[in-house]
Protein chains: 2
Amino acid sequence: MLELAILGLLKERAMHGYELRKQLGQKLGFFWTVSFGSLYPTLKKLERRGVVEKFFPGDQTSRRKQVYRITAAGEAEFLELLTEGAHSAWEEDKFPLRLAFFRHVGPETRIRLLERRKAYLEDKLDEGRRVLNRARRGMSDTYTLSLMRHGVETTEHDLAWLDTLITAERATLSDGKAAGAAAPAGAIAEPGAPEDPRPTEELQTK
Amino acid sequence: MLELAILGLLKERAMHGYELRKQLGQKLGFFWTVSFGSLYPTLKKLERRGVVEKFFPGDQTSRRKQVYRITAAGEAEFLELLTEGAHSAWEEDKFPLRLAFFRHVGPETRIRLLERRKAYLEDKLDEGRRVLNRARRGMSDTYTLSLMRHGVETTEHDLAWLDTLITAERATLSDGKAAGAAAPAGAIAEPGAPEDPRPTEELQTK
DNA sequence: TCCCGCTATATCGACGCGATACATCGCGGC
DNA sequence: GCCGCGATGTATCGCGTCGATATAGCGGGA
């Protein structure tokens with residue numbers, strides 16, 4: 001949910017609410033657009049829980065531009081949400097959100113999450129095909145039928161895309177091993193580089 | 001929203017809540033799964049508003065099988081919701097729902113709705129491409145980029161599908177006119193054949 | 001100077017979701 | 001014969017998100 005998105009963005013750099021929304025729009029605009037009605041209450045809740053905190057880089061005394069920063073507890077919760085997190089329902093339609101923060105976890109975890117997603121889509125595809133075939137021999141108007149066909153095609157396209165991601169990930173894994181890299185990386189991002197020098201660098205509003 | 005779905009299904013035949021959910025799962029399972037937590041309250045609200053009514057209040061004293069039926073007012077509201085309805089936001093991600101009831105409106109209305117959807121997706125695609133290009137020349141990790149690319153591709157696929165629907169619809173229109181059919185049909189389903197089983201007949205993907 | 005549009009924070013009501021509870025029915029196993 | 005269990009069926013609760021809206025400082029252009 002929103003918490004994961006906020007923590008993920010704040011992990012990359014400190015921001016205020018308005019900016020969080022803009023960044024999220026850039027990253028996930030295709031799939032999701034957060035509303036302020038969700039953002040600000042959630043931000044407050046996160047602050048109360050101690051996973052983010054207000055951060056004043058200087059003279060800002062007035063109530064203007066509330067910059068937030070992630071805490072250590074927040075970092076932990078972020079990884080928890082990203083890699084585990086309640087399965088089944090909500091996690092699946094927020095998969096793009098997880099993917100957007102993939103660089104914060106190790107290759108093994110990435111593959112695990114990709115495979116889980118793949119299994120889910122395969123189930124959905126099977127079910128879709130079954131319903132489609134049942135509908136074909138029977139009534140059902142043209143539009144419903146076309147809708148079902150399109151759904152099946154879209155899911156097939158998604159699966160093909162997932163496969164390319166998995167393939168690329170496995171290649172990365174082999175390369176790393178072949179090159180003798182010392183990064184098995186349990187299930188978490190490489191501990192040697194938690195502050196990747198340039199996660200965003202160029203991002204300013206304008 | 002849910003109201004449109006309920007009215008549309010009840011227009012086809014009287015049903016009770018549980019059955020509504022099942023039917024909807026069949027028609028739109030790929031895009032949407034209604035929950036009882038939405039269904040029953042909405043059903044009650046619709047009854048209070050007088051657009052649906054209980055059908056078998058007779059001997060049933062206990063809470064068992066409450067069959068609902070659409071009223072004349074409901075029919076009117078259904079068409080209103082289907083063809084007009086608050087634009088911009090919610091209507092767009094519920095487009096499949098509209099399509100599922102397309103056979104209840106005339107070809108001109110169908111084309112109008114399809115064109116509107118197309119314009120929306122074209123806007124989204126342009127915006128997506130712009131963000132993608134900006135992200136390409138700059139930072140952004142592999143995953144975010146792949147996500148954006150996939151979003152663009154999916155939208156292109158959706159647009160292509162829409163085009164086949166529009167083409168087929170125009171063909172139907174010409175055929176009807178060429179055959180001298182007496183159905184200009186203002187903007188509403190042909191009154192002579194409200195239960196036309198197959199509006200276009202031949203539309204299959206390949 | 002005044003107005004407009006962007007930045008920025010905040011709240012409200014509505015609504016759909018998932019979980020849960022609670023009945024009834026039918027059917028197959030033992 | 002009766003027992004359990006899964007499918008049918010209705011209903012409610014809390015929560016998270018949404019869209020609309022309010023407010024206010026800010027900078028730029030006519």
# chains A, B, ... in the order shown; residues from 1 in each chain; ligands from 1

$ closest_atom_pairs --of "chain C" --to "chain A" --cutoff "9 Å" --atoms "only C-alpha atoms (C1' of nucleotides)" --output "JSON lines"
{"residue": "C:DT7", "atom": "C1'", "partner": "A:Tyr18", "partner_atom": "CA", "distance": 8.0}
{"residue": "C:DA8", "atom": "C1'", "partner": "A:Tyr18", "partner_atom": "CA", "distance": 6.4}
{"residue": "C:DT9", "atom": "C1'", "partner": "A:Tyr40", "partner_atom": "CA", "distance": 8.0}
{"residue": "C:DA10", "atom": "C1'", "partner": "A:Tyr40", "partner_atom": "CA", "distance": 7.5}
{"residue": "C:DT11", "atom": "C1'", "partner": "A:Gly37", "partner_atom": "CA", "distance": 8.0}
{"residue": "C:DG18", "atom": "C1'", "partner": "A:Ala89", "partner_atom": "CA", "distance": 8.8}

$ write_last_selection --atoms "C-alpha atoms (C1' of nucleotides)" --output "compact mmCIF listing (two decimals), in the first residue's frame"
# COMPACT_ATOMS: atom_id res chain seq x y z
C1' DT C 7 3.16 24.94 -4.47
C1' DA C 8 1.82 23.03 -0.15
C1' DT C 9 -0.90 21.13 3.73
C1' DA C 10 -5.12 19.49 5.44
C1' DT C 11 -9.94 17.55 6.07
C1' DG C 18 -11.53 -8.07 3.07

$ select_by_dssp --residues "region 17-186 of chain B" --states "strand (DSSP E)" --output "mmCIF file with C-alpha atoms, in the first residue's frame"
data_model
loop_
_atom_site.group_PDB
_atom_site.id
_atom_site.type_symbol
_atom_site.label_atom_id
_atom_site.label_comp_id
_atom_site.auth_asym_id
_atom_site.auth_seq_id
_atom_site.Cartn_x
_atom_site.Cartn_y
_atom_site.Cartn_z
ATOM 1 C CA VAL B 52 -34.895 -2.136 -7.853
ATOM 2 C CA GLU B 53 -37.508 -3.988 -5.795
ATOM 3 C CA LYS B 54 -37.883 -7.254 -3.951
ATOM 4 C CA VAL B 67 -34.734 -11.905 -5.174
ATOM 5 C CA TYR B 68 -34.506 -8.462 -6.702
ATOM 6 C CA ARG B 69 -35.952 -7.119 -9.904
ATOM 7 C CA ILE B 70 -35.319 -3.889 -11.785
#

$ interface_residues --of "chain A" --to "chain B" --cutoff "6 Å" --atoms "only C-alpha atoms" --output "number ranges by chain"
A: 100, 141, 143-144

$ residues_around --residues "Lys11 (chain B)" --least-positions-apart "3" --cutoff "10 Å" --atoms "only C-alpha atoms (C1' of nucleotides)" --output "list of chain:residue names"
B:Ala5, B:Ile6, B:Leu7, B:Gly8, B:Ala14, B:Met15, B:Val52, B:Arg69, B:Ile70, B:Thr71, B:Ala72, B:Gly74, B:Glu75, B:Phe78, B:His104

$ write_last_selection --atoms "N, CA and C atoms" --output "short mmCIF file (atom, residue, chain, number, x, y, z; two decimals), in the first residue's frame"
data_model
loop_
_atom_site.label_atom_id
_atom_site.label_comp_id
_atom_site.auth_asym_id
_atom_site.auth_seq_id
_atom_site.Cartn_x
_atom_site.Cartn_y
_atom_site.Cartn_z
N ALA B 5 -23.45 -2.02 -12.61
CA ALA B 5 -23.32 -3.47 -12.77
C ALA B 5 -24.57 -4.19 -12.30
N ILE B 6 -25.07 -3.80 -11.16
CA ILE B 6 -26.27 -4.44 -10.61
C ILE B 6 -27.47 -4.22 -11.53
N LEU B 7 -27.67 -2.98 -11.91
CA LEU B 7 -28.80 -2.67 -12.78
C LEU B 7 -28.70 -3.43 -14.09
N GLY B 8 -27.51 -3.49 -14.63
CA GLY B 8 -27.32 -4.18 -15.90
C GLY B 8 -27.65 -5.65 -15.81
N ALA B 14 -34.11 -11.28 -13.15
CA ALA B 14 -34.18 -11.06 -11.70
C ALA B 14 -33.22 -12.01 -10.99
N MET B 15 -32.59 -11.51 -9.95
CA MET B 15 -31.59 -12.31 -9.24
C MET B 15 -31.53 -11.93 -7.77
N VAL B 52 -34.68 -0.69 -7.86
CA VAL B 52 -34.90 -2.14 -7.85
C VAL B 52 -35.93 -2.43 -6.75
N ARG B 69 -35.55 -7.33 -8.52
CA ARG B 69 -35.95 -7.12 -9.90
C ARG B 69 -35.82 -5.63 -10.21
N ILE B 70 -35.49 -5.31 -11.43
CA ILE B 70 -35.32 -3.89 -11.79
C ILE B 70 -36.69 -3.25 -12.06
N THR B 71 -36.79 -1.96 -11.75
CA THR B 71 -38.05 -1.24 -12.00
C THR B 71 -37.89 -0.37 -13.25
N ALA B 72 -38.97 0.29 -13.64
CA ALA B 72 -38.91 1.17 -14.81
C ALA B 72 -37.91 2.29 -14.55
N GLY B 74 -35.44 2.14 -12.73
CA GLY B 74 -34.12 1.53 -12.78
C GLY B 74 -33.60 1.41 -14.20
N GLU B 75 -34.49 1.05 -15.11
CA GLU B 75 -34.10 0.94 -16.52
C GLU B 75 -33.57 2.28 -17.02
N PHE B 78 -30.24 3.07 -15.49
CA PHE B 78 -29.21 2.23 -16.08
C PHE B 78 -28.66 2.84 -17.36
N HIS B 104 -26.97 -3.00 -24.93
CA HIS B 104 -28.19 -2.29 -24.56
C HIS B 104 -28.28 -0.89 -25.14
#

$ interface_residues --of "chain D" --to "chain B" --cutoff "10 Å" --atoms "only C-alpha atoms (C1' of nucleotides)" --output "number ranges by chain"
D: 8-13, 18-19

$ write_last_selection --atoms "C-alpha atoms (C1' of nucleotides)" --output "CSV table (one decimal), in the first residue's frame"
chain,number,residue,atom,x,y,z
D,8,DT,C1',-25.4,-21.2,-0.7
D,9,DG,C1',-27.1,-17.0,1.2
D,10,DT,C1',-27.5,-12.5,3.9
D,11,DA,C1',-25.4,-9.1,6.6
D,12,DT,C1',-22.0,-5.9,9.2
D,13,DC,C1',-17.6,-3.8,10.7
D,18,DC,C1',-10.5,8.4,-3.4
D,19,DG,C1',-12.2,12.9,-5.2

$ atom_distance --atom1 "CA of Glu80 (chain B)" --atom2 "CA of Leu46 (chain B)"
14.9 Å
